[in-house]
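Note sheet for the following structure.
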Amino acid sequence: MVEFRSMGERMSRHFFGGRKKDPSLPHPAVPLLSDPAFPEIAPWVWWLLGAVGLGIRLAFILRGNIAFNSDEARAALWLRQWCGKGLNGISLSSMDFAGLRLAGGWLFYVLTDGWVYFISLASIFFNCFFSAVWVYWVHLRISRVAALGTALLFAFPPVCIAYYSTHLERRIETLFWASLLVAFSGAWFKKNWTALLLGALVGWAFWNEPFILFFALPVVAYEIRCCQESGSMGKRLAWTAAGLSLGGTSGRLWNAGFSDVFWSMDLASRQGIGKNLGLLWNAFPQFWNGNFPFGYLQASSLGRWMDPVQGGMFAAFLAFWAFASFGLAAGGCVMLAREKNMEGAWLSALVHAPALLYLLFFVFSAQVWDATSFRYLDYWVIFTAVGGGGAFYYLFQWRRRTAVLAAALFVLVQGFILAEKYRQLPADFPAVRIVRNLELLGFRQCLANHWVAEAGTYLSDGKVFIAEYKSAGNIRAWGRMLAGERIGLVVLKGLDDNSEVEKTVRSLDANGFRCAKTWPMMGGWFVLDFQRKAGKL
């Protein structure tokens, strides 16, 4: 087995070329910080930490995947249909994902033979990949001690990783491309073709999600700094611009069948900014540690009944722990920024600049409306791991025993938080609970809101067909409902709008159905039992 360090240096030298003669300029194969008297880290240590991180992520899926939602279900239904194994009566007219997510989803669909959470497994693969890339970058560019601390924080992640790492959505692909941008930072402007590749990657990724710019801007600034002595900056920028045009055009064409880029340039109102700051202070620390609903269905009366939010001293402790981790990461980045000929400041900026830009977007953008927008802070999972790894390095340099004890304390506390959340998780997903009750009542087709309909249909494998009651545009699904003799209307307190429910009731009555009975269920939801009126066809 080749040592991690020597393997990394050989790979980087092969790609980046020989050492620079000017010591004031960066060289990717030379770590910024020294590790005196710290032994080489055996390969099995990295593999062990990787296995722990993968196991924790898998455990939350096998427990019932609390973060699964309608978007995931719709994407999985689309992929099944694309593979020729779709459910009858479901009409999906547009792609729900493209690019790497499409390829990754298809691959894990094949590898797992269509396992119900295959799409989450694909997302975990991307998450583990970019986590490993960041650990490798820290090891190569900063310090092996810092890389060990970073790997430890990735292995024992915040509970919100159950959301961030199991959703095959735009953000998971953005972080994948961003990790490659940073991994080769300092070398993109070494040659014309690498500058072209940089532009093409950013242009392609932009049509997946414009947030790639939060990573591209500091990387390009770093590249300009690295090549300013060679006099080739203008040429490299021209090649990068050509790559942007090429990648942007091909990315736009590829995503033409997908949804448009969702990006709002509007600023939030003064009240909106105050609300966003309140969310960051009060709700985000609880979300970070899993003491918070991960979606609208989980926030309904049924979701809160199945997975209640804890309060009191435990919630206060989680808030303290979250803010302590953010402060530790920020401290590590600040200490790194003070190192050696401004090189530390530039490397630190590659880590903290995207985190700061995400934070500013969350506070000031009109695109943020409630706690579900915490997904725009997904990069903080990387920021806390890399920044925390840097803090571990400086603590180790100061007092080694203290650093070891701090690492052990982190494993114990973070392990306890993860185990506590895992312990209290219900065995059923809310949509699965609904579907099982519908089956017991004899329903085979029902109407429900968006968050129940697609997740319930997918997780039941079509045993109960649930259409969205606002799906008037889906003529095929609505027609299937009206062709039957019995229709259930699922209503959840705290999630369904009364006016929409009443509108659906009137529509069913106009189409020859009457409400024969109401079935109340535990958890604050009920089913309206509609049967065809006598003599109505």
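Each chain in the structure tokens gets a letter, A, B, ..., in the order shown, and its residues are numbered from 1; ligands are numbered from 1 in order too.
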Query - Residues within 12 Å of A:Arg423, only C-alpha atoms, excluding chain neighbours under 3 positions, as JSON, numbers by chain - result: {"A": [59, 60, 63, 307, 415, 416, 417, 418, 419, 420, 426, 427]}
Query raised in the report: Neighbours of stretch 345-361 of chain A within 8 Å (only C-alpha atoms; same-chain residues fewer than 2 positions away dropped), as a list in words?
Result: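 Neighbouring residues, sequence-local ones excluded: Val182, Phe214, Phe215, Pro218, Val219, Tyr222, Ala330, Cys333, Val334, Leu336, Ala337, Arg338, Glu339, Met342, Glu343, Val363, Phe364, Ser365, Tyr376, Leu377, Tyr379, Trp380, Phe383, Val386 and Gly387 of chain A.
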Give me a file of those residues, with N, CA, C and O atoms, as a compact mmCIF listing (two decimals), in the first residue's frame.
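For reference, out.txt as written:
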# COMPACT_ATOMS: atom_id res chain seq x y z
N VAL A 182 -11.06 23.29 -6.20
CA VAL A 182 -10.10 23.58 -5.14
C VAL A 182 -8.94 22.59 -5.16
O VAL A 182 -7.79 22.96 -4.88
N PHE A 214 -19.53 30.87 -6.25
CA PHE A 214 -18.99 31.14 -4.92
C PHE A 214 -17.63 30.46 -4.74
O PHE A 214 -16.81 30.92 -3.93
N PHE A 215 -17.40 29.38 -5.44
CA PHE A 215 -16.12 28.68 -5.38
C PHE A 215 -15.18 29.14 -6.48
O PHE A 215 -13.97 29.22 -6.29
N PRO A 218 -12.96 32.79 -5.84
CA PRO A 218 -11.68 32.75 -5.11
C PRO A 218 -10.63 31.89 -5.80
O PRO A 218 -9.43 32.19 -5.72
N VAL A 219 -11.05 30.83 -6.49
CA VAL A 219 -10.08 29.99 -7.20
C VAL A 219 -9.43 30.77 -8.34
O VAL A 219 -8.20 30.72 -8.52
N TYR A 222 -6.99 33.24 -7.01
CA TYR A 222 -5.77 32.55 -6.59
C TYR A 222 -4.91 32.19 -7.80
O TYR A 222 -3.68 32.31 -7.75
N ALA A 330 -13.86 28.87 12.23
CA ALA A 330 -13.43 30.23 11.90
C ALA A 330 -12.05 30.52 12.49
O ALA A 330 -11.20 31.14 11.83
N CYS A 333 -9.36 28.93 10.36
CA CYS A 333 -9.12 29.68 9.12
C CYS A 333 -8.35 30.97 9.39
O CYS A 333 -7.48 31.35 8.60
N VAL A 334 -8.65 31.66 10.50
CA VAL A 334 -7.94 32.89 10.84
C VAL A 334 -6.47 32.61 11.12
O VAL A 334 -5.57 33.33 10.63
N LEU A 336 -4.74 30.11 10.00
CA LEU A 336 -4.12 29.72 8.73
C LEU A 336 -3.81 30.94 7.88
O LEU A 336 -2.78 31.00 7.18
N ALA A 337 -4.69 31.95 7.93
CA ALA A 337 -4.51 33.14 7.11
C ALA A 337 -3.29 33.96 7.52
O ALA A 337 -2.84 34.82 6.76
N ARG A 338 -2.73 33.70 8.68
CA ARG A 338 -1.59 34.47 9.17
C ARG A 338 -0.25 33.81 8.83
O ARG A 338 0.80 34.27 9.26
N GLU A 339 -0.29 32.76 8.03
CA GLU A 339 0.92 31.98 7.75
C GLU A 339 1.61 32.42 6.47
O GLU A 339 0.98 32.59 5.43
N MET A 342 1.66 35.40 2.76
CA MET A 342 0.29 35.53 2.24
C MET A 342 -0.26 34.22 1.67
O MET A 342 -1.42 34.15 1.31
N GLU A 343 0.56 33.19 1.59
CA GLU A 343 0.05 31.92 1.04
C GLU A 343 -1.03 31.34 1.93
O GLU A 343 -2.03 30.81 1.45
N VAL A 363 -28.69 35.58 4.25
CA VAL A 363 -29.20 36.71 5.02
C VAL A 363 -29.92 37.72 4.14
O VAL A 363 -31.00 38.22 4.49
N PHE A 364 -29.37 38.01 2.96
CA PHE A 364 -29.85 39.16 2.19
C PHE A 364 -30.69 38.80 0.96
O PHE A 364 -31.23 39.69 0.31
N SER A 365 -30.82 37.53 0.63
CA SER A 365 -31.54 37.17 -0.58
C SER A 365 -33.03 36.98 -0.32
O SER A 365 -33.43 36.40 0.70
N TYR A 376 -29.11 26.07 1.55
CA TYR A 376 -28.14 26.98 0.94
C TYR A 376 -26.88 27.13 1.79
O TYR A 376 -25.92 27.77 1.36
N LEU A 377 -26.88 26.57 2.98
CA LEU A 377 -25.71 26.59 3.84
C LEU A 377 -25.02 25.24 3.89
O LEU A 377 -24.28 24.94 4.82
N TYR A 379 -22.56 24.08 2.27
CA TYR A 379 -21.10 24.11 2.23
C TYR A 379 -20.49 24.21 3.61
O TYR A 379 -19.32 23.85 3.80
N TRP A 380 -21.25 24.66 4.59
CA TRP A 380 -20.69 24.78 5.93
C TRP A 380 -20.25 23.43 6.50
O TRP A 380 -19.43 23.39 7.43
N PHE A 383 -16.75 23.62 5.41
CA PHE A 383 -16.07 24.70 6.12
C PHE A 383 -15.72 24.29 7.55
O PHE A 383 -14.60 24.52 8.02
N VAL A 386 -12.85 21.44 7.43
CA VAL A 386 -11.51 21.91 7.06
C VAL A 386 -11.01 22.94 8.07
O VAL A 386 -9.85 22.87 8.51
N GLY A 387 -11.86 23.90 8.44
CA GLY A 387 -11.45 24.88 9.44
C GLY A 387 -11.16 24.23 10.79
O GLY A 387 -10.20 24.59 11.48
Requested in this report: May I ask which of the residues A:Ile161, A:Gly272, A:Tyr458, A:Gly512 is the closest one to A:Arg80, counting only C-alpha atoms?
Outcome: A:Tyr458
**Report entry** In stretch 134-179 of chain A, DSSP alpha helix (DSSP H) residues written as a ChimeraX atom specification
**Finding:** /A:134-141,144-155,161-164,170-179
Export of the given selection (N, CA and C atoms) as an mmCIF file, in the first residue's frame:
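Saved file out24.cif follows:
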data_model
loop_
_atom_site.group_PDB
_atom_site.id
_atom_site.type_symbol
_atom_site.label_atom_id
_atom_site.label_comp_id
_atom_site.auth_asym_id
_atom_site.auth_seq_id
_atom_site.Cartn_x
_atom_site.Cartn_y
_atom_site.Cartn_z
ATOM 1 N N TRP A 134 -11.340 16.815 -0.258
ATOM 2 C CA TRP A 134 -10.946 17.907 0.638
ATOM 3 C C TRP A 134 -9.891 17.442 1.646
ATOM 4 N N VAL A 135 -10.038 16.231 2.167
ATOM 5 C CA VAL A 135 -9.016 15.708 3.086
ATOM 6 C C VAL A 135 -7.674 15.605 2.368
ATOM 7 N N TYR A 136 -7.700 15.113 1.132
ATOM 8 C CA TYR A 136 -6.474 14.993 0.344
ATOM 9 C C TYR A 136 -5.844 16.365 0.106
ATOM 10 N N TRP A 137 -6.673 17.357 -0.209
ATOM 11 C CA TRP A 137 -6.162 18.713 -0.450
ATOM 12 C C TRP A 137 -5.521 19.288 0.805
ATOM 13 N N VAL A 138 -6.156 19.111 1.949
ATOM 14 C CA VAL A 138 -5.585 19.611 3.211
ATOM 15 C C VAL A 138 -4.265 18.904 3.497
ATOM 16 N N HIS A 139 -4.213 17.603 3.263
ATOM 17 C CA HIS A 139 -2.988 16.840 3.499
ATOM 18 C C HIS A 139 -1.863 17.326 2.600
ATOM 19 N N LEU A 140 -2.178 17.624 1.366
ATOM 20 C CA LEU A 140 -1.175 17.996 0.370
ATOM 21 C C LEU A 140 -0.734 19.442 0.498
ATOM 22 N N ARG A 141 -1.664 20.333 0.828
ATOM 23 C CA ARG A 141 -1.371 21.761 0.771
ATOM 24 C C ARG A 141 -1.156 22.404 2.138
ATOM 25 N N ARG A 144 -0.496 17.292 7.358
ATOM 26 C CA ARG A 144 -1.117 15.978 7.583
ATOM 27 C C ARG A 144 -1.854 15.935 8.918
ATOM 28 N N VAL A 145 -1.396 16.739 9.918
ATOM 29 C CA VAL A 145 -2.128 16.814 11.182
ATOM 30 C C VAL A 145 -3.487 17.465 10.954
ATOM 31 N N ALA A 146 -3.516 18.554 10.182
ATOM 32 C CA ALA A 146 -4.785 19.209 9.856
ATOM 33 C C ALA A 146 -5.678 18.281 9.050
ATOM 34 N N ALA A 147 -5.089 17.490 8.153
ATOM 35 C CA ALA A 147 -5.875 16.543 7.355
ATOM 36 C C ALA A 147 -6.497 15.471 8.250
ATOM 37 N N LEU A 148 -5.761 15.044 9.273
ATOM 38 C CA LEU A 148 -6.310 14.059 10.196
ATOM 39 C C LEU A 148 -7.500 14.634 10.956
ATOM 40 N N GLY A 149 -7.390 15.881 11.407
ATOM 41 C CA GLY A 149 -8.511 16.520 12.080
ATOM 42 C C GLY A 149 -9.699 16.699 11.151
ATOM 43 N N THR A 150 -9.447 17.067 9.882
ATOM 44 C CA THR A 150 -10.521 17.221 8.908
ATOM 45 C C THR A 150 -11.227 15.899 8.658
ATOM 46 N N ALA A 151 -10.456 14.832 8.502
ATOM 47 C CA ALA A 151 -11.050 13.514 8.278
ATOM 48 C C ALA A 151 -11.889 13.069 9.465
ATOM 49 N N LEU A 152 -11.439 13.414 10.672
ATOM 50 C CA LEU A 152 -12.191 13.050 11.866
ATOM 51 C C LEU A 152 -13.534 13.769 11.895
ATOM 52 N N LEU A 153 -13.562 15.045 11.508
ATOM 53 C CA LEU A 153 -14.815 15.798 11.495
ATOM 54 C C LEU A 153 -15.747 15.335 10.384
ATOM 55 N N PHE A 154 -15.191 14.901 9.258
ATOM 56 C CA PHE A 154 -16.028 14.333 8.197
ATOM 57 C C PHE A 154 -16.594 12.976 8.617
ATOM 58 N N ALA A 155 -15.801 12.201 9.363
ATOM 59 C CA ALA A 155 -16.244 10.861 9.766
ATOM 60 C C ALA A 155 -17.387 10.931 10.774
ATOM 61 N N ILE A 161 -26.140 16.109 8.140
ATOM 62 C CA ILE A 161 -25.591 15.379 7.004
ATOM 63 C C ILE A 161 -26.597 14.346 6.504
ATOM 64 N N ALA A 162 -27.553 13.956 7.372
ATOM 65 C CA ALA A 162 -28.628 13.063 6.928
ATOM 66 C C ALA A 162 -29.479 13.727 5.864
ATOM 67 N N TYR A 163 -29.450 15.045 5.828
ATOM 68 C CA TYR A 163 -30.124 15.776 4.755
ATOM 69 C C TYR A 163 -29.154 16.059 3.618
ATOM 70 N N TYR A 164 -28.009 16.627 3.945
ATOM 71 C CA TYR A 164 -27.082 17.079 2.919
ATOM 72 C C TYR A 164 -26.521 15.926 2.087
ATOM 73 N N ARG A 170 -29.279 19.374 -6.737
ATOM 74 C CA ARG A 170 -28.280 20.218 -7.382
ATOM 75 C C ARG A 170 -27.075 20.476 -6.498
ATOM 76 N N ARG A 171 -27.293 20.689 -5.209
ATOM 77 C CA ARG A 171 -26.214 21.076 -4.328
ATOM 78 C C ARG A 171 -25.159 19.988 -4.181
ATOM 79 N N ILE A 172 -25.568 18.735 -4.216
ATOM 80 C CA ILE A 172 -24.578 17.667 -4.062
ATOM 81 C C ILE A 172 -23.630 17.653 -5.257
ATOM 82 N N GLU A 173 -24.151 17.970 -6.453
ATOM 83 C CA GLU A 173 -23.281 18.024 -7.630
ATOM 84 C C GLU A 173 -22.418 19.279 -7.615
ATOM 85 N N THR A 174 -22.969 20.391 -7.131
ATOM 86 C CA THR A 174 -22.189 21.619 -7.029
ATOM 87 C C THR A 174 -20.974 21.416 -6.134
ATOM 88 N N LEU A 175 -21.170 20.753 -4.998
ATOM 89 C CA LEU A 175 -20.055 20.508 -4.083
ATOM 90 C C LEU A 175 -19.048 19.535 -4.690
ATOM 91 N N PHE A 176 -19.526 18.625 -5.530
ATOM 92 C CA PHE A 176 -18.619 17.705 -6.218
ATOM 93 C C PHE A 176 -17.686 18.486 -7.152
ATOM 94 N N TRP A 177 -18.278 19.346 -8.013
ATOM 95 C CA TRP A 177 -17.452 20.130 -8.932
ATOM 96 C C TRP A 177 -16.571 21.107 -8.162
ATOM 97 N N ALA A 178 -17.087 21.683 -7.080
ATOM 98 C CA ALA A 178 -16.309 22.643 -6.297
ATOM 99 C C ALA A 178 -15.066 21.996 -5.699
ATOM 100 N N SER A 179 -15.193 20.729 -5.271
ATOM 101 C CA SER A 179 -14.034 20.043 -4.697
ATOM 102 C C SER A 179 -12.922 19.888 -5.731
#
Report task. Enumerate the residues of stretch 347-527 of chain A with a DSSP assignment of strand (DSSP E), computed from the backbone, and present them as a list in words. Result ->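 In stretch 347-527 of chain A, DSSP puts these residues in strand (DSSP E): Gln445, Cys446, Leu447, Ala448, Phe465, Ile466, Ala467, Glu468, Arg486, Ile487, Gly488, Leu489, Val490, Val491, Leu492, Phe513, Arg514, Cys515, Ala516, Lys517, Thr518, Trp519, Pro520, Met521, Trp525, Phe526 and Val527 of chain A.
Distance check against A:Lys493 using only C-alpha atoms: of A:Ser300, A:Pro430, A:Gly203, A:Ala408, the minimum falls on A:Ser300.
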Query raised in the report: Which of these residues is nearest to A:Ser325, using only C-alpha atoms: A:Leu102, A:Ala366, A:Val404, A:Val413?
Result: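 Under the stated criterion, the closest residue is A:Val413.
Shortest atom-to-atom contact with A:Lys190 among A:Gln397, A:Thr240, A:Ser123, A:Thr112: A:Thr240, counting only C-alpha atoms.
For the atom pair formed by atom CA of A:Leu49 and atom CA of A:Phe129, the distance is 13.3 Å, given to one decimal.
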Requested in this report: For A:Ile487, list every protein, DNA or RNA residue within 12 Å, evaluated using only C-alpha atoms, and leave out those in the same chain fewer than 3 positions away; present the list as a PyMOL selection string.
Outcome: chain A and resi 438+441-448+464-467+469+478+480-484+490+504-505+508-509+511-517+527-533
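Ranking A:Val159, A:Leu48, A:Val381, A:Val368 by their shortest atom-to-atom distance to A:Gln286, with only C-alpha atoms included, puts A:Val159 first.
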